[in-house]
Amino acid sequence: MIEDHPEKLLFNAARFALSVPTLAGLPPDDGLEIAFAGRSNVGKSSTLNALCNHRGLARTSATPGRTQHFVVFDLDAGRRLIDLPGFGYARVAKSVREHWHGEIPRYLERRRSLVGLVLITDCRHALKDAEVELLRWCRDADLPVLLVLNKSDKLSRNEGANAVHAARRVLNEMGAAGLVTPQLFSATQKIGVPEALAVLGDWLAVEE
Ligand SMILES: Nc1nc2c(ncn2[C@@H]2O[C@H](COP(=O)(O)OP(=O)(O)O)[C@@H](O)[C@H]2O)c(=O)[nH]1
Ligand SMILES: [Mg+2]
């Protein structure tokens with residue numbers, strides 16, 4: 001019998017815990033947590049749902065810029081996922097942009113329970129300035145990143161390989177190659193799920 005990987009079982013157990021407008025409302029800073037970030041519409045909610053094997057976990061929506069809260073999903077008593085507010089969308093409220101320039105860099109730098117960040121991007125586009133800026137904050141905070149190049153179902157195999165190369169080139173140039181793992185992914189086609197879960201399971205100290 002083929003048994004499920006323990007990290008898959010852990011993510012399958014994800015449950016909505018709370019949604020708060022500011023970092024001050026997050027759970028106490030102990031245990032282990034992973035943050036999820038992405039520009040509106042890259043498929044952040046879909047990626048969370050695919051990793052947790054739970055269609056309705058994070059709300060997917062076609063309306064960009066709507067998720068302005070920090071949403072906490074518990075995996076077990078000591079481990080959780082934090083869905084950060086969407087960013088890089090010009091029309092979001094000023095208060096949300098301020099999150100990104102005040103609270104978020106501080107959170108990445110100071111949150112002791114934070115073991116890594118998942119940055120979801122659309123693999124059809126080169127990394128945007130706001131994404132590179134976030135990667136720079138993670139580099140400065142010495143925080144590991146899983147760079148999820150989502151929507152790879154829209155690319156040919158060759159185009160996908162080129163997207164990974166292009167991301168690697170940017171990471172090398174910014175001196176973040178050692179800290180950031182880029183990978184192709186498709187939330188809708190469930191491409192790259194086991195590979196992503198293996199990285200996240202390591203961060204969360206899941207034992208094989
Ligand atoms: N083709 C394709 N579409 C996707 C993928 N992931 C998400 N989408 C679509 O992109 C849109 C935005 O998805 P959503 O998860 O709400 O994005 P979010 O705003 O980043 O949370 C929806 O129409 C999804 O169905 C993917 O891997 N492939
Ligand atoms: Mg969303």
# chains A, B, ... in the order shown; residues from 1 in each chain; ligands from 1
>>> residues_near_ligand(ligand="ligand 1", cutoff="6 Å", atoms="only C-alpha atoms and all ligand atoms", output="PyMOL selection string")
chain A and resi 40-46+60-62+64+150-151+153-154+186-188
>>> write_last_selection(atoms="C-alpha atoms", output="mmCIF file, in the first residue's frame")
data_model
loop_
_atom_site.group_PDB
_atom_site.id
_atom_site.type_symbol
_atom_site.label_atom_id
_atom_site.label_comp_id
_atom_site.auth_asym_id
_atom_site.auth_seq_id
_atom_site.Cartn_x
_atom_site.Cartn_y
_atom_site.Cartn_z
ATOM 1 C CA SER A 40 -3.861 39.826 -6.834
ATOM 2 C CA ASN A 41 -5.085 37.228 -9.307
ATOM 3 C CA VAL A 42 -1.881 35.151 -9.577
ATOM 4 C CA GLY A 43 -3.780 32.271 -7.956
ATOM 5 C CA LYS A 44 -2.766 32.606 -4.304
ATOM 6 C CA SER A 45 -6.061 31.286 -2.981
ATOM 7 C CA SER A 46 -6.106 28.496 -5.571
ATOM 8 C CA THR A 60 -10.942 32.257 -4.761
ATOM 9 C CA SER A 61 -12.313 35.276 -6.498
ATOM 10 C CA ALA A 62 -12.097 37.132 -9.758
ATOM 11 C CA PRO A 64 -8.577 41.683 -7.472
ATOM 12 C CA ASN A 150 1.849 29.341 -11.043
ATOM 13 C CA LYS A 151 -0.391 28.830 -14.090
ATOM 14 C CA ASP A 153 -0.565 24.798 -17.493
ATOM 15 C CA LYS A 154 -0.652 27.858 -19.782
ATOM 16 C CA SER A 186 -0.395 24.808 -11.555
ATOM 17 C CA ALA A 187 -3.069 25.180 -8.908
ATOM 18 C CA THR A 188 -5.842 24.178 -11.278
#
>>> select_by_dssp(residues="range 14-173 of chain A", states="alpha helix (DSSP H)", output="VMD selection string")
chain A and resid 44 to 52 94 to 98 104 to 110 129 to 141 157 to 173
>>> residues_around(residues="range 127-130 of chain A", least_positions_apart="6", cutoff="12 Å", atoms="only C-alpha atoms", output="PyMOL selection string")
chain A and resi 37-40+42+86-90+97+100-101+119-121+136-137+147-149+163-171+182
>>> closest_residue(among="A:Arg112, A:Arg106, A:Arg15, A:Arg59", to="ligand 2", atoms="only C-alpha atoms and all ligand atoms")
A:Arg59
>>> residues_around(residues="range 196-204 of chain A", least_positions_apart="4", cutoff="10 Å", atoms="only C-alpha atoms", output="ChimeraX atom specification")
/A:5-8,10-11,31-34,51-52,78-80,114-118,144-148,181-185,191-192,208
>>> closest_residue(among="A:Gly56, A:Pro28, A:Gly102, A:Gly175", to="ligand 2", atoms="only C-alpha atoms and all ligand atoms")
A:Gly56
>>> atom_distance(atom1="CA of Leu48 in chain A", atom2="CA of Gly178 in chain A")
24.3 Å
>>> select_by_dssp(residues="range 16-177 of chain A", states="strand (DSSP E)", output="ChimeraX atom specification")
/A:16-20,32-38,70-76,79-83,114-122,145-150
>>> residues_around(residues="Leu84 in chain A", least_positions_apart="5", cutoff="8 Å", atoms="only C-alpha atoms", output="mmCIF file with N, CA and C atoms, in the first residue's frame")
data_model
loop_
_atom_site.group_PDB
_atom_site.id
_atom_site.type_symbol
_atom_site.label_atom_id
_atom_site.label_comp_id
_atom_site.auth_asym_id
_atom_site.auth_seq_id
_atom_site.Cartn_x
_atom_site.Cartn_y
_atom_site.Cartn_z
ATOM 1 N N ALA A 35 4.180 32.004 5.617
ATOM 2 C CA ALA A 35 3.358 33.067 5.040
ATOM 3 C C ALA A 35 3.218 32.871 3.532
ATOM 4 N N PHE A 36 2.060 33.260 3.005
ATOM 5 C CA PHE A 36 1.778 33.184 1.570
ATOM 6 C C PHE A 36 1.539 34.590 1.037
ATOM 7 N N ALA A 37 2.231 34.927 -0.053
ATOM 8 C CA ALA A 37 2.083 36.256 -0.629
ATOM 9 C C ALA A 37 1.959 36.142 -2.143
ATOM 10 N N GLN A 68 -7.866 41.924 2.126
ATOM 11 C CA GLN A 68 -7.047 42.913 2.798
ATOM 12 C C GLN A 68 -6.712 42.493 4.214
ATOM 13 N N HIS A 69 -6.996 41.261 4.541
ATOM 14 C CA HIS A 69 -6.746 40.777 5.896
ATOM 15 C C HIS A 69 -5.587 39.787 5.926
ATOM 16 N N PHE A 70 -5.103 39.538 7.121
ATOM 17 C CA PHE A 70 -4.195 38.428 7.374
ATOM 18 C C PHE A 70 -5.092 37.260 7.792
ATOM 19 N N VAL A 71 -5.051 36.187 7.020
ATOM 20 C CA VAL A 71 -5.935 35.058 7.300
ATOM 21 C C VAL A 71 -5.085 33.887 7.803
#
>>> closest_residue(among="A:Leu75, A:Ala177, A:Leu108, A:Leu26", to="Leu143 in chain A", atoms="only C-alpha atoms")
A:Leu108
>>> atom_distance(atom1="CA of Thr22 in chain A", atom2="CA of Leu134 in chain A")
18.4 Å
>>> closest_residue(among="A:Asp4, A:Glu131, A:Asp29, A:Asp83", to="ligand 2", atoms="only C-alpha atoms and all ligand atoms")
A:Asp83
>>> closest_residue(among="A:Glu159, A:Ser19, A:Arg111, A:Met174", to="Glu133 in chain A", atoms="only C-alpha atoms")
A:Met174
